[in-house]
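Dumped input17.cif below, it's mmCIF, C-alpha atoms:
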data_entry
#
loop_
_atom_site.label_atom_id
_atom_site.label_comp_id
_atom_site.auth_asym_id
_atom_site.auth_seq_id
_atom_site.Cartn_x
_atom_site.Cartn_y
_atom_site.Cartn_z
CA MET A 1 -82.81 -154.18 -69.43
CA ILE A 2 -85.60 -156.42 -70.66
CA GLY A 3 -87.68 -158.88 -68.69
CA ALA A 4 -90.99 -160.31 -67.58
CA THR A 5 -93.43 -159.66 -64.74
CA ALA A 6 -96.14 -161.76 -63.11
CA GLY A 7 -98.48 -160.72 -60.34
CA TYR A 8 -101.84 -160.75 -58.64
CA ASN A 9 -104.05 -157.84 -57.52
CA TYR A 10 -107.08 -157.74 -55.26
CA GLN A 11 -109.43 -154.74 -55.28
CA ILE A 12 -111.79 -153.61 -52.50
CA GLY A 13 -113.67 -150.51 -53.63
CA GLN A 14 -111.02 -148.12 -54.88
CA PHE A 15 -108.18 -149.68 -52.87
CA VAL A 16 -105.93 -152.25 -54.55
CA THR A 17 -103.34 -154.55 -52.99
CA GLY A 18 -101.23 -157.15 -54.69
CA ILE A 19 -97.93 -158.85 -55.25
CA GLU A 20 -95.66 -158.62 -58.27
CA ALA A 21 -92.48 -160.48 -59.23
CA ASN A 22 -90.17 -159.59 -62.08
CA LEU A 23 -86.86 -160.78 -63.48
CA ASP A 24 -84.91 -158.66 -65.94
CA TRP A 25 -81.87 -159.46 -68.03
CA ALA A 26 -79.40 -156.61 -67.66
CA ASP A 27 -76.07 -155.61 -69.10
CA ILE A 28 -75.14 -152.65 -66.93
CA THR A 29 -71.40 -152.09 -66.51
CA LYS A 30 -69.31 -149.57 -64.61
CA SER A 31 -65.51 -149.42 -64.94
CA GLN A 32 -62.94 -147.44 -63.00
CA THR A 33 -59.22 -146.77 -63.61
CA PHE A 34 -56.99 -145.88 -60.65
CA GLY A 35 -53.89 -143.67 -60.52
CA ASP A 36 -51.49 -146.63 -60.78
CA GLY A 37 -53.27 -147.95 -63.90
CA SER A 38 -55.19 -150.68 -62.06
CA THR A 39 -58.78 -151.17 -63.21
CA SER A 40 -62.00 -152.46 -61.72
CA LYS A 41 -65.20 -153.42 -63.49
CA ALA A 42 -68.65 -154.37 -62.18
CA THR A 43 -71.44 -155.79 -64.34
CA LEU A 44 -75.05 -156.32 -63.29
CA ASN A 45 -76.22 -159.37 -65.28
CA SER A 46 -79.78 -159.70 -63.98
CA LEU A 47 -82.09 -157.93 -61.55
CA GLY A 48 -85.25 -159.26 -59.93
CA ASN A 49 -87.84 -158.02 -57.45
CA VAL A 50 -90.72 -159.45 -55.45
CA LEU A 51 -92.87 -156.49 -54.43
CA ALA A 52 -96.02 -155.87 -52.43
CA ARG A 53 -98.17 -153.22 -54.13
CA PHE A 54 -100.70 -150.89 -52.49
CA GLY A 55 -102.69 -148.47 -54.58
CA PHE A 56 -105.72 -146.35 -55.27
CA ALA A 57 -107.82 -146.86 -58.40
CA TYR A 58 -109.37 -143.84 -60.06
CA ASP A 59 -111.45 -144.53 -63.17
CA ARG A 60 -109.15 -146.75 -65.32
CA ALA A 61 -105.91 -145.62 -63.60
CA LEU A 62 -104.13 -147.22 -60.65
CA PHE A 63 -101.67 -145.15 -58.61
CA TYR A 64 -99.51 -147.36 -56.39
CA VAL A 65 -96.49 -147.67 -54.13
CA ALA A 66 -94.43 -150.86 -53.94
CA GLY A 67 -91.76 -152.38 -51.75
CA GLY A 68 -90.06 -155.67 -51.00
CA TYR A 69 -87.17 -157.92 -52.00
CA ALA A 70 -84.53 -157.09 -54.62
CA GLY A 71 -81.81 -159.40 -55.91
CA GLY A 72 -79.28 -159.37 -58.71
CA ASN A 73 -76.42 -161.30 -60.25
CA LEU A 74 -73.26 -159.20 -60.17
CA THR A 75 -69.82 -159.91 -61.66
CA GLY A 76 -66.79 -157.95 -60.48
CA SER A 77 -63.18 -157.95 -61.61
CA PHE A 78 -59.99 -156.17 -60.58
CA ASN A 79 -56.74 -155.95 -62.58
CA ASP A 80 -53.84 -154.92 -60.29
CA THR A 81 -51.06 -153.48 -62.47
CA VAL A 82 -48.67 -153.22 -59.48
CA THR A 83 -48.71 -156.95 -58.62
CA GLY A 84 -49.83 -158.18 -62.06
CA LEU A 85 -52.66 -160.15 -60.46
CA ASN A 86 -56.24 -160.36 -61.76
CA TYR A 87 -59.22 -161.14 -59.54
CA SER A 88 -62.82 -161.84 -60.43
CA ASN A 89 -65.90 -162.81 -58.50
CA SER A 90 -69.58 -163.23 -59.26
CA GLY A 91 -72.70 -164.11 -57.33
CA TRP A 92 -76.24 -163.26 -56.33
CA ARG A 93 -76.72 -160.20 -54.11
CA SER A 94 -79.87 -159.62 -52.03
CA GLY A 95 -81.41 -156.43 -50.70
CA TYR A 96 -84.59 -154.36 -50.83
CA ALA A 97 -86.61 -152.35 -53.34
CA LEU A 98 -88.96 -149.34 -52.98
CA GLY A 99 -90.89 -147.37 -55.55
CA GLY A 100 -94.20 -146.61 -57.17
CA GLY A 101 -95.98 -146.05 -60.41
CA ILE A 102 -99.13 -145.72 -62.44
CA GLU A 103 -101.00 -148.37 -64.41
CA TYR A 104 -103.75 -147.56 -66.89
CA ALA A 105 -106.30 -150.08 -68.21
CA LEU A 106 -106.68 -149.71 -71.97
CA THR A 107 -109.24 -152.57 -72.06
CA ASN A 108 -110.57 -155.02 -69.46
CA ASN A 109 -107.55 -157.27 -70.16
CA ILE A 110 -104.73 -154.98 -71.30
CA SER A 111 -103.01 -152.25 -69.29
CA ILE A 112 -99.87 -150.16 -69.64
CA LYS A 113 -97.67 -149.02 -66.79
CA ALA A 114 -94.75 -146.81 -65.87
CA GLN A 115 -92.90 -147.25 -62.60
CA TYR A 116 -89.81 -146.15 -60.72
CA ILE A 117 -88.02 -148.66 -58.47
CA TYR A 118 -84.97 -148.04 -56.27
CA SER A 119 -83.14 -151.32 -55.54
CA GLN A 120 -80.38 -151.53 -52.93
CA LEU A 121 -78.41 -154.78 -53.17
CA GLY A 122 -76.31 -154.27 -50.06
CA ASN A 123 -72.59 -154.19 -49.35
CA LYS A 124 -70.10 -156.96 -50.06
CA THR A 125 -66.33 -157.30 -49.76
CA TYR A 126 -64.61 -158.70 -52.84
CA PHE A 127 -61.16 -160.29 -52.87
CA ALA A 128 -61.08 -160.50 -49.04
CA GLY A 129 -57.68 -161.41 -47.62
CA THR A 130 -55.78 -159.73 -50.46
CA PRO A 131 -54.14 -156.30 -50.52
CA ASP A 132 -56.75 -155.38 -53.13
CA ALA A 133 -59.86 -156.06 -50.99
CA VAL A 134 -62.73 -153.83 -52.13
CA LYS A 135 -66.01 -153.19 -50.30
CA THR A 136 -68.84 -152.29 -52.64
CA GLY A 137 -72.48 -151.33 -52.43
CA LEU A 138 -74.86 -151.44 -55.37
CA ALA A 139 -77.90 -149.22 -55.81
CA VAL A 140 -79.96 -149.40 -59.01
CA ASN A 141 -82.53 -146.81 -60.06
CA THR A 142 -84.90 -148.08 -62.76
CA LEU A 143 -87.67 -146.34 -64.64
CA THR A 144 -89.61 -148.98 -66.57
CA THR A 145 -92.62 -149.16 -68.83
CA GLY A 146 -94.62 -152.23 -69.64
CA ILE A 147 -97.70 -153.82 -71.15
CA ASN A 148 -99.71 -156.17 -68.96
CA TYR A 149 -102.26 -158.81 -69.89
CA LYS A 150 -104.85 -159.69 -67.23
CA PHE A 151 -106.24 -163.22 -67.22
#
When written as structure tokens, how does the structure in this file appear?
Amino acid sequence: MIGATAGYNYQIGQFVTGIEANLDWADITKSQTFGDGSTSKATLNSLGNVLARFGFAYDRALFYVAGGYAGGNLTGSFNDTVTGLNYSNSGWRSGYALGGGIEYALTNNISIKAQYIYSQLGNKTYFAGTPDAVKTGLAVNTLTTGINYKF
């Protein structure tokens, strides 16, 4: 995954609150083969979050928790070897994200960060109305690092 983040923080004493939005390009794929030779494949093409952040600043470090909206573009396909039919579907899935991290100010304008975010994009039924209907849920665990520039 690779992407960009934009946000705003407000500090009162040692307490920091803010909002952060990010959008990442992803190429995360999971495939499965069934006993009859049929296959399914799911690919996460992009993942984005809009998160509220609440933290505590200590010296040049910020320790924070975050939570809010998560969304992603997912493509799914199913190849049914019994019927010879192929199905595919893609679309934007919405859910929630929770996590936290640490950010450290190297200078007054540049900081580095490491964070963990759990994103749950909810359940969806693919190929509804067919014998091959599949209900899926998508959870994404990300551990990211980044460099921030403060204006």
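Taking atom CA of Gly48 of chain A and atom CA of Gly72 of chain A as endpoints, the distance between them is 6.1 Å.
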Enclose all atoms of segment 118-122 of chain A listed in the file in an axis-aligned box, grow every side by 3 Å, and hand back centre and edge lengths in Å to one decimal, as AutoDock Vina command-line options.
--center_x -80.6 --center_y -151.4 --center_z -53.2 --size_x 14.7 --size_y 12.7 --size_z 12.2
Explicit residues for the PyMOL selection byres ((chain A and resi 104) around 12) (as JSON, numbers by chain): {"A": [56, 57, 58, 59, 60, 61, 62, 63, 64, 101, 102, 103, 105, 106, 107, 108, 109, 110, 111, 112, 113, 114, 115, 145, 146, 147, 148, 149]}
Shell of 10 Å around Asn86 of chain A, all atoms listed in the file, local chain residues under 6 positions omitted, as JSON, numbers by chain: {"A": [38, 39, 40, 77, 78, 79, 80, 132]}
Output C-alpha atoms for every residue in that selection, as an mmCIF file, in the frame of the given file.
data_model
loop_
_atom_site.group_PDB
_atom_site.id
_atom_site.type_symbol
_atom_site.label_atom_id
_atom_site.label_comp_id
_atom_site.auth_asym_id
_atom_site.auth_seq_id
_atom_site.Cartn_x
_atom_site.Cartn_y
_atom_site.Cartn_z
ATOM 1 C CA SER A 38 -55.190 -150.680 -62.060
ATOM 2 C CA THR A 39 -58.780 -151.170 -63.210
ATOM 3 C CA SER A 40 -62.000 -152.460 -61.720
ATOM 4 C CA SER A 77 -63.180 -157.950 -61.610
ATOM 5 C CA PHE A 78 -59.990 -156.170 -60.580
ATOM 6 C CA ASN A 79 -56.740 -155.950 -62.580
ATOM 7 C CA ASP A 80 -53.840 -154.920 -60.290
ATOM 8 C CA ASP A 132 -56.750 -155.380 -53.130
#
A:Ile28, A:Leu47, A:Leu74, A:Ala97 ranked by distance to Thr5 of chain A, top pick (using only C-alpha atoms): A:Leu47
Given only C-alpha atoms as the counted atoms, nearest of A:Gly76, A:Gly99, A:Ala6, A:Lys124 to Gln32 of chain A: A:Gly76
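For the atom pair formed by atom CA of Ala70 of chain A and atom CA of Arg93 of chain A, the distance is 8.4 Å, given to one decimal.
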Surrounding residues of Ala139 of chain A excluding itself and chain neighbours under 4 positions, 10 Å, all atoms listed in the file, as a PyMOL selection string: chain A and resi 95-97+118-123
Best match for closeness to Gly84 of chain A among A:Ser46, A:Phe54, A:Gln11, A:Asp36, counting all atoms listed in the file: A:Asp36
Chain and number of each residue from the PyMOL selection byres ((chain A and resi 4) around 9), as JSON, numbers by chain: {"A": [2, 3, 5, 6, 21, 22, 23, 24]}
Å distance separating atom CA of Gly37 of chain A from atom CA of Val140 of chain A, one decimal place: 27.2 Å
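Using only C-alpha atoms, the smallest distance between any of A:Lys150, A:Thr83, A:Arg53, A:Tyr116 and Val65 of chain A comes from A:Arg53.
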Option closest in space to Gly18 of chain A, from A:Phe34, A:Leu98, A:Leu51, A:Leu44 [counting all atoms listed in the file]: A:Leu51
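Residue nearest Val50 of chain A within the list A:Ile117, A:Ile12, A:Val82, A:Leu138: A:Ile117 [criterion: smallest interatomic distance, only C-alpha atoms].
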